[in-house]
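A.B. asks: Provided below: start04.pdb, containing PDB, C-alpha atoms.
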```
ATOM      1  CA  MET A   1     -40.085 132.079  54.030
ATOM      2  CA  SER A   2     -42.764 133.768  56.059
ATOM      3  CA  GLY A   3     -45.927 132.237  54.667
ATOM      4  CA  SER A   4     -48.136 129.888  56.599
ATOM      5  CA  PHE A   5     -46.707 126.592  57.717
ATOM      6  CA  LYS A   6     -48.848 124.927  55.096
ATOM      7  CA  ASP A   7     -47.465 127.073  52.289
ATOM      8  CA  ASP A   8     -43.901 126.599  53.487
ATOM      9  CA  LEU A   9     -44.455 122.873  53.652
ATOM     10  CA  ILE A  10     -45.888 122.738  50.145
ATOM     11  CA  ALA A  11     -42.927 124.719  48.871
ATOM     12  CA  GLU A  12     -40.562 122.079  50.232
ATOM     13  CA  LEU A  13     -42.427 119.098  48.781
ATOM     14  CA  PRO A  14     -40.510 118.933  45.477
ATOM     15  CA  ASN A  15     -37.246 118.807  47.401
ATOM     16  CA  LEU A  16     -38.589 116.141  49.717
ATOM     17  CA  ARG A  17     -39.692 114.172  46.704
ATOM     18  CA  ALA A  18     -36.316 114.388  45.042
ATOM     19  CA  PHE A  19     -34.554 113.353  48.236
ATOM     20  CA  ALA A  20     -37.007 110.506  48.841
ATOM     21  CA  ALA A  21     -36.611 109.231  45.299
ATOM     22  CA  SER A  22     -32.832 109.367  45.644
ATOM     23  CA  LEU A  23     -33.025 107.343  48.841
ATOM     24  CA  SER A  24     -35.546 104.747  47.767
ATOM     25  CA  GLY A  25     -34.817 104.504  44.072
ATOM     26  CA  SER A  26     -38.514 104.568  43.361
ATOM     27  CA  LEU A  27     -40.751 107.517  42.642
ATOM     28  CA  GLN A  28     -43.783 105.590  43.790
ATOM     29  CA  THR A  29     -42.193 104.858  47.162
ATOM     30  CA  ALA A  30     -40.976 108.444  47.271
ATOM     31  CA  ASP A  31     -44.500 109.802  47.008
ATOM     32  CA  ASP A  32     -45.759 107.560  49.788
ATOM     33  CA  LEU A  33     -42.801 108.633  51.866
ATOM     34  CA  VAL A  34     -43.459 112.310  51.189
ATOM     35  CA  GLN A  35     -47.100 111.875  52.154
ATOM     36  CA  ASP A  36     -46.169 110.242  55.470
ATOM     37  CA  THR A  37     -43.621 112.962  56.078
ATOM     38  CA  ALA A  38     -46.134 115.714  55.372
ATOM     39  CA  VAL A  39     -48.658 114.210  57.802
ATOM     40  CA  LYS A  40     -46.032 113.829  60.528
ATOM     41  CA  ALA A  41     -44.708 117.322  59.943
ATOM     42  CA  TRP A  42     -48.200 118.740  60.120
ATOM     43  CA  SER A  43     -49.054 117.093  63.414
ATOM     44  CA  ASN A  44     -45.683 118.079  64.885
ATOM     45  CA  GLN A  45     -45.498 121.587  63.509
ATOM     46  CA  ASP A  46     -45.408 123.057  67.008
ATOM     47  CA  LYS A  47     -42.041 121.315  67.435
ATOM     48  CA  PHE A  48     -40.501 123.086  64.493
ATOM     49  CA  GLN A  49     -38.340 125.960  65.633
ATOM     50  CA  PRO A  50     -38.932 129.028  63.495
ATOM     51  CA  GLY A  51     -35.733 130.471  62.181
ATOM     52  CA  THR A  52     -34.165 127.061  61.652
ATOM     53  CA  SER A  53     -34.183 125.284  58.322
ATOM     54  CA  LEU A  54     -37.563 123.791  57.504
ATOM     55  CA  ARG A  55     -35.913 121.733  54.798
ATOM     56  CA  ALA A  56     -33.473 120.161  57.241
ATOM     57  CA  TRP A  57     -36.281 119.460  59.699
ATOM     58  CA  LEU A  58     -38.420 117.807  57.039
ATOM     59  CA  PHE A  59     -35.493 115.804  55.684
ATOM     60  CA  THR A  60     -34.902 114.456  59.178
ATOM     61  CA  ILE A  61     -38.490 113.269  59.443
ATOM     62  CA  LEU A  62     -38.403 111.764  55.978
ATOM     63  CA  ARG A  63     -35.111 110.016  56.523
ATOM     64  CA  ASN A  64     -36.184 108.524  59.856
ATOM     65  CA  THR A  65     -39.428 107.332  58.301
ATOM     66  CA  TYR A  66     -37.550 105.771  55.430
ATOM     67  CA  PHE A  67     -35.045 103.907  57.547
ATOM     68  CA  SER A  68     -37.614 102.669  60.027
ATOM     69  CA  LEU A  69     -40.443 101.737  57.671
ATOM     70  CA  TYR A  70     -39.629 101.898  54.020
ATOM     71  CA  ARG A  71     -36.207 100.537  53.435
ATOM     72  CA  LYS A  72     -37.191  96.978  52.573
ATOM     73  CA  ARG A  73     -40.163  98.000  50.587
ATOM     74  CA  GLY A  74     -38.162 100.454  48.564
ATOM     75  CA  ARG A  75     -35.795  97.737  47.523
ATOM     76  CA  GLU A  76     -38.636  95.509  46.478
ATOM     77  CA  VAL A  77     -40.206  97.989  44.157
ATOM     78  CA  GLN A  78     -37.012  99.644  43.065
ATOM     79  CA  ASP A  79     -36.916  98.247  39.581
ATOM     80  CA  VAL A  80     -40.533  97.617  38.820
ATOM     81  CA  ASP A  81     -42.022 101.060  38.607
ATOM     82  CA  GLY A  82     -39.756 102.255  35.876
ATOM     83  CA  PHE A  83     -38.240 105.111  37.808
ATOM     84  CA  TYR A  84     -34.869 104.534  36.238
ATOM     85  CA  SER A  85     -36.162 104.245  32.758
ATOM     86  CA  GLY A  86     -35.723 107.896  31.972
ATOM     87  CA  ARG A  87     -36.596 111.459  32.639
ATOM     88  CA  LEU A  88     -39.700 112.643  34.396
ATOM     89  CA  ALA A  89     -39.679 116.116  33.030
ATOM     90  CA  ALA A  90     -39.224 116.383  29.319
ATOM     91  CA  ARG A  91     -36.124 118.397  28.665
ATOM     92  CA  GLY A  92     -33.350 118.174  26.161
ATOM     93  CA  ASP A  93     -30.209 116.436  27.279
ATOM     94  CA  GLN A  94     -27.539 118.831  28.243
ATOM     95  CA  GLU A  95     -24.065 118.522  26.965
ATOM     96  CA  GLY A  96     -21.706 116.428  29.002
ATOM     97  CA  HIS A  97     -24.431 114.614  30.837
ATOM     98  CA  LEU A  98     -24.763 110.905  30.777
ATOM     99  CA  ASP A  99     -28.030 109.416  29.945
ATOM    100  CA  LEU A 100     -30.001 110.087  33.111
ATOM    101  CA  ALA A 101     -31.194 106.515  33.474
ATOM    102  CA  ASP A 102     -27.591 105.313  33.383
ATOM    103  CA  PHE A 103     -26.517 107.776  36.012
ATOM    104  CA  ARG A 104     -29.425 106.747  38.233
ATOM    105  CA  ALA A 105     -28.444 103.139  37.862
ATOM    106  CA  ALA A 106     -24.912 104.030  38.935
ATOM    107  CA  LEU A 107     -26.222 106.096  41.841
ATOM    108  CA  ALA A 108     -28.352 103.167  42.982
ATOM    109  CA  THR A 109     -25.272 100.967  43.361
ATOM    110  CA  LEU A 110     -23.893 103.219  46.113
ATOM    111  CA  PRO A 111     -24.415 102.212  49.724
ATOM    112  CA  GLU A 112     -27.427 104.107  51.097
ATOM    113  CA  GLU A 113     -25.432 106.131  53.572
ATOM    114  CA  GLN A 114     -23.086 107.355  50.881
ATOM    115  CA  ARG A 115     -25.915 108.055  48.489
ATOM    116  CA  GLU A 116     -27.917 110.147  50.920
ATOM    117  CA  ALA A 117     -24.836 112.130  51.933
ATOM    118  CA  LEU A 118     -23.913 112.805  48.315
ATOM    119  CA  VAL A 119     -27.434 113.930  47.456
ATOM    120  CA  MET A 120     -27.860 116.167  50.512
ATOM    121  CA  ILE A 121     -24.561 117.927  49.862
ATOM    122  CA  GLY A 122     -24.423 117.817  46.083
ATOM    123  CA  ALA A 123     -28.039 118.460  45.166
ATOM    124  CA  SER A 124     -30.306 119.433  48.055
ATOM    125  CA  GLY A 125     -28.399 122.562  48.995
ATOM    126  CA  LEU A 126     -27.819 121.505  52.596
ATOM    127  CA  SER A 127     -24.670 122.354  54.511
ATOM    128  CA  TYR A 128     -22.368 119.678  55.893
ATOM    129  CA  GLU A 129     -23.572 120.628  59.359
ATOM    130  CA  GLU A 130     -27.212 120.205  58.405
ATOM    131  CA  ALA A 131     -26.533 116.903  56.656
ATOM    132  CA  ALA A 132     -24.650 115.659  59.714
ATOM    133  CA  GLU A 133     -27.524 116.537  61.984
ATOM    134  CA  ILE A 134     -30.063 114.917  59.681
ATOM    135  CA  ALA A 135     -28.066 111.687  59.473
ATOM    136  CA  GLY A 136     -27.142 111.784  63.178
ATOM    137  CA  VAL A 137     -23.415 111.486  62.579
ATOM    138  CA  PRO A 138     -20.427 113.812  62.926
ATOM    139  CA  VAL A 139     -19.611 116.252  60.135
ATOM    140  CA  GLY A 140     -16.432 114.315  59.370
ATOM    141  CA  THR A 141     -18.469 111.208  58.650
ATOM    142  CA  ILE A 142     -20.599 113.080  56.135
ATOM    143  CA  LYS A 143     -17.483 114.382  54.406
ATOM    144  CA  SER A 144     -16.034 110.912  54.273
ATOM    145  CA  ARG A 145     -19.248 109.455  52.863
ATOM    146  CA  VAL A 146     -19.493 112.135  50.202
ATOM    147  CA  ASN A 147     -15.896 111.550  49.194
ATOM    148  CA  ARG A 148     -16.326 107.815  48.990
ATOM    149  CA  ALA A 149     -19.496 108.244  46.941
ATOM    150  CA  ARG A 150     -17.686 110.526  44.511
ATOM    151  CA  ALA A 151     -14.735 108.169  44.294
ATOM    152  CA  ARG A 152     -16.993 105.224  43.514
ATOM    153  CA  LEU A 153     -18.923 107.062  40.860
ATOM    154  CA  ALA A 154     -15.687 108.365  39.398
ATOM    155  CA  ALA A 155     -14.337 104.833  39.226
ATOM    156  CA  MET A 156     -17.438 103.750  37.359
ATOM    157  CA  LEU A 157     -17.289 106.663  34.962
ATOM    158  CA  ALA A 158     -13.534 106.537  34.443
ATOM    159  CA  ILE A 159     -13.451 103.127  32.850
ATOM    160  CA  ASP A 160     -13.613 104.461  29.346
ATOM    161  CA  GLY A 161     -11.710 107.624  30.048
ATOM    162  CA  VAL A 162     -13.330 110.996  30.293
ATOM    163  CA  GLU A 163     -11.921 112.440  27.082
ATOM    164  CA  ASP A 164     -14.084 110.546  24.673
ATOM    165  CA  PHE A 165     -17.226 110.661  26.711
ATOM    166  CA  GLY A 166     -20.083 110.272  24.320
ATOM    167  CA  PRO A 167     -23.493 109.095  25.427
ATOM    168  CA  THR A 168     -22.951 105.560  24.209
ATOM    169  CA  ARG A 169     -19.517 105.121  25.661
ATOM    170  CA  ALA A 170     -20.640 106.700  28.880
ATOM    171  CA  ALA A 171     -23.526 104.304  29.146
ATOM    172  CA  ALA A 172     -21.218 101.382  28.551
ATOM    173  CA  ALA A 173     -18.809 102.637  31.184
ATOM    174  CA  VAL A 174     -21.548 102.973  33.735
ATOM    175  CA  THR A 175     -22.870  99.522  33.021
ATOM    176  CA  LEU A 176     -19.446  97.989  33.319
ATOM    177  CA  GLY A 177     -18.731  99.909  36.457
ATOM    178  CA  ALA A 178     -21.989  98.946  38.061
ATOM    179  CA  ALA A 179     -21.353  95.307  37.303
ATOM    180  CA  SER A 180     -17.872  95.210  38.748
ATOM    181  CA  LEU A 181     -18.490  97.313  41.809
ATOM    182  CA  THR A 182     -20.591  95.745  44.498
ATOM    183  CA  ALA A 183     -20.935  96.333  48.209
ATOM    184  CA  ASP A 184     -18.066  97.480  50.321
TER     185      ASP A 184
ATOM    186  CA  MET B   1     -29.599 127.617  46.685
ATOM    187  CA  LYS B   2     -28.551 128.987  50.009
ATOM    188  CA  ASP B   3     -24.827 128.942  50.028
ATOM    189  CA  ASP B   4     -24.356 131.412  52.810
ATOM    190  CA  LYS B   5     -22.893 128.730  55.024
ATOM    191  CA  SER B   6     -20.572 127.290  52.454
ATOM    192  CA  GLY B   7     -17.611 129.214  53.763
ATOM    193  CA  ALA B   8     -17.758 127.245  56.980
ATOM    194  CA  ALA B   9     -18.581 123.961  55.317
ATOM    195  CA  PHE B  10     -15.284 122.403  56.183
ATOM    196  CA  GLY B  11     -15.054 123.782  59.660
ATOM    197  CA  PRO B  12     -16.149 122.008  62.822
ATOM    198  CA  ALA B  13     -19.836 121.514  63.386
ATOM    199  CA  SER B  14     -21.432 124.512  65.004
ATOM    200  CA  GLY B  15     -24.765 123.047  66.011
ATOM    201  CA  SER B  16     -23.470 119.681  67.140
ATOM    202  CA  GLY B  17     -25.995 119.187  69.885
ATOM    203  CA  GLN B  18     -26.511 115.527  69.143
ATOM    204  CA  ALA B  19     -23.245 114.816  67.395
ATOM    205  CA  ASP B  20     -22.097 112.323  69.964
ATOM    206  CA  SER B  21     -25.284 110.280  70.050
ATOM    207  CA  ALA B  22     -24.726 108.158  66.978
ATOM    208  CA  ALA B  23     -21.044 108.751  66.429
ATOM    209  CA  LYS B  24     -19.307 105.734  65.054
ATOM    210  CA  GLY B  25     -15.938 106.919  66.150
ATOM    211  CA  PRO B  26     -13.903 110.039  66.553
ATOM    212  CA  ALA B  27     -14.071 111.886  63.209
ATOM    213  CA  ALA B  28     -14.128 109.970  59.982
ATOM    214  CA  PRO B  29     -11.394 107.456  59.464
ATOM    215  CA  ALA B  30      -9.736 107.602  56.080
ATOM    216  CA  GLU B  31     -10.585 104.037  55.269
ATOM    217  CA  GLU B  32     -10.122 104.066  51.577
ATOM    218  CA  ALA B  33      -7.010 105.912  50.610
ATOM    219  CA  GLU B  34      -8.598 107.872  47.821
ATOM    220  CA  ALA B  35      -6.733 108.995  44.812
ATOM    221  CA  PRO B  36      -7.724 112.516  43.883
ATOM    222  CA  ILE B  37     -10.644 112.485  41.482
ATOM    223  CA  ASP B  38     -10.132 113.795  37.983
ATOM    224  CA  PRO B  39     -11.732 117.257  38.106
ATOM    225  CA  ARG B  40     -13.545 116.591  34.854
ATOM    226  CA  LEU B  41     -15.054 113.428  36.255
ATOM    227  CA  ASP B  42     -15.951 115.229  39.426
ATOM    228  CA  GLN B  43     -17.674 117.911  37.410
ATOM    229  CA  LEU B  44     -19.506 115.278  35.392
ATOM    230  CA  ILE B  45     -20.694 113.606  38.573
ATOM    231  CA  GLY B  46     -21.884 116.913  39.990
ATOM    232  CA  ALA B  47     -23.714 117.836  36.800
ATOM    233  CA  ASN B  48     -25.406 114.458  36.580
ATOM    234  CA  LEU B  49     -26.372 114.520  40.215
ATOM    235  CA  LYS B  50     -28.053 117.879  39.708
ATOM    236  CA  ALA B  51     -29.714 116.683  36.514
ATOM    237  CA  HIS B  52     -31.117 113.688  38.381
ATOM    238  CA  TYR B  53     -32.364 115.819  41.241
ATOM    239  CA  ASP B  54     -33.666 118.718  39.167
ATOM    240  CA  ASP B  55     -35.551 116.304  36.971
ATOM    241  CA  ILE B  56     -37.687 115.391  39.969
ATOM    242  CA  LEU B  57     -37.813 118.964  41.292
ATOM    243  CA  SER B  58     -39.250 120.233  38.039
ATOM    244  CA  ALA B  59     -41.723 117.408  37.588
ATOM    245  CA  PRO B  60     -45.310 118.437  38.356
ATOM    246  CA  LEU B  61     -46.293 117.816  41.947
ATOM    247  CA  PRO B  62     -49.031 115.190  42.255
ATOM    248  CA  ASP B  63     -52.374 116.674  43.295
ATOM    249  CA  ARG B  64     -52.601 114.290  46.214
ATOM    250  CA  PHE B  65     -50.226 116.448  48.252
ATOM    251  CA  VAL B  66     -52.121 119.677  47.818
ATOM    252  CA  VAL B  67     -55.373 117.851  48.573
ATOM    253  CA  LEU B  68     -53.834 116.238  51.631
ATOM    254  CA  LEU B  69     -52.639 119.508  53.091
ATOM    255  CA  ALA B  70     -55.934 121.209  52.382
ATOM    256  CA  GLU B  71     -57.647 118.399  54.281
ATOM    257  CA  LEU B  72     -55.246 118.649  57.198
ATOM    258  CA  ALA B  73     -55.730 122.395  57.375
ATOM    259  CA  ALA B  74     -59.503 122.030  57.187
ATOM    260  CA  LYS B  75     -59.492 119.414  59.935
ATOM    261  CA  GLU B  76     -57.444 121.683  62.119
ATOM    262  CA  SER B  77     -59.654 124.718  61.751
ATOM    263  CA  GLN B  78     -62.679 122.514  62.345
ATOM    264  CA  ALA B  79     -61.157 121.169  65.551
ATOM    265  CA  ARG B  80     -60.304 124.667  66.622
ATOM    266  CA  GLY B  81     -63.841 125.842  65.989
ATOM    267  CA  SER B  82     -65.491 123.013  67.897
ATOM    268  CA  SER B  83     -63.287 122.898  70.969
TER     269      SER B  83
END
```
Give the structure from this file in structure tokens form.

C.D. replies:
Amino acid sequence: MSGSFKDDLIAELPNLRAFAASLSGSLQTADDLVQDTAVKAWSNQDKFQPGTSLRAWLFTILRNTYFSLYRKRGREVQDVDGFYSGRLAARGDQEGHLDLADFRAALATLPEEQREALVMIGASGLSYEEAAEIAGVPVGTIKSRVNRARARLAAMLAIDGVEDFGPTRAAAAVTLGAASLTAD
Amino acid sequence: MKDDKSGAAFGPASGSGQADSAAKGPAAPAEEAEAPIDPRLDQLIGANLKAHYDDILSAPLPDRFVVLLAELAAKESQARGSS
């Protein structure tokens, strides 16, 4: 972690992309969001405190940009650019995984605040403290959001029972769950 | 993954400098009385979440980002040279 700011920033771009896509539900929007974030980060690099987490700092910029500028737009393009139609990287399905498109569809039904908390904690490798600071809420709120996100997804996935989880049944369960679960 | 802080993950916030700014209340209210999640489901959710995320992580990075940063860096060194 001691390269130039530029190198460090480039190294974080895949993570920013994954977070942005999780937030917006669109890879196309995600890339625009990452570009804006990179430009802002570059021009504010003197405000970054060395020794703190660059990832957390960048996530904060990206998240603020998303909520102030992109939120509506993301919803508009959410389903048209085919982001949920499948995998980006060609890789064999691993055992026990749902079809990725189905899981993404389920993830997209979560309220944004729950979704971002779940992703930051469950996938981005951030601590609860970092996630709380990024979202501007107390740690307890992040915990609560993560738990509610997990409970919702579990309710969607549990419809058919976990024992006989095959790809087809799993897909059906997710579809059913997504249809019956709406906003809180 | 940097899990060095995971031991304190459930403790109180250490760097809570701005914790009170956007607080919606004291700590999180237990709004939805949640039944414990089936561990197998929880594991499935975790695995799928990672699969979703890693799918994007491992996708090739569009060239536009590398180009963009090269341009920003070039602009900066140009500005530095001329001022």

A.B. asks: Of the candidates A:Thr109, A:Ser124, A:Ser68, A:Gln45, which shows the shortest atom-to-atom distance to A:Leu16, using only C-alpha atoms?

C.D. replies: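 For A:Leu16, the nearest of the candidates is A:Ser124.
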
A.B. asks: Name the closest residue to A:Thr65 among the candidates A:Leu110, A:Val139, A:Val119, A:Leu33; distances are taken between atoms, counting all atoms listed in the file.

C.D. replies: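 For A:Thr65, the nearest of the given residues is A:Leu33.
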
A.B. asks: So, counting only C-alpha atoms, which residue among B:Pro36, B:Gln78, B:Ala59, B:Arg64 is closest to chain A?

C.D. replies: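 Among the listed residues, B:Ala59 lies closest to chain A.
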
A.B. asks: If the PyMOL selection byres ((chain A and resi 48-62) around 9) were run on this exact file, what residues would it hold? Put them as a VMD selection string.

C.D. replies: chain A and resid 8 to 9 12 15 to 16 19 to 20 33 to 34 36 to 38 40 to 41 44 to 47 63 to 67 126 130 to 131 133 to 135

A.B. asks: Report, in Å with one decimal, the straight-line distance from atom CA of A:Ala18 to atom CA of B:Leu57.

C.D. replies: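 Going from atom CA of A:Ala18 over to atom CA of B:Leu57 covers 6.1 Å.
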
A.B. asks: Just to confirm, what's the straight-line distance from atom CA of B:Val67 to atom CA of A:Arg71 in Å (one decimal)?

C.D. replies: 26.3 Å
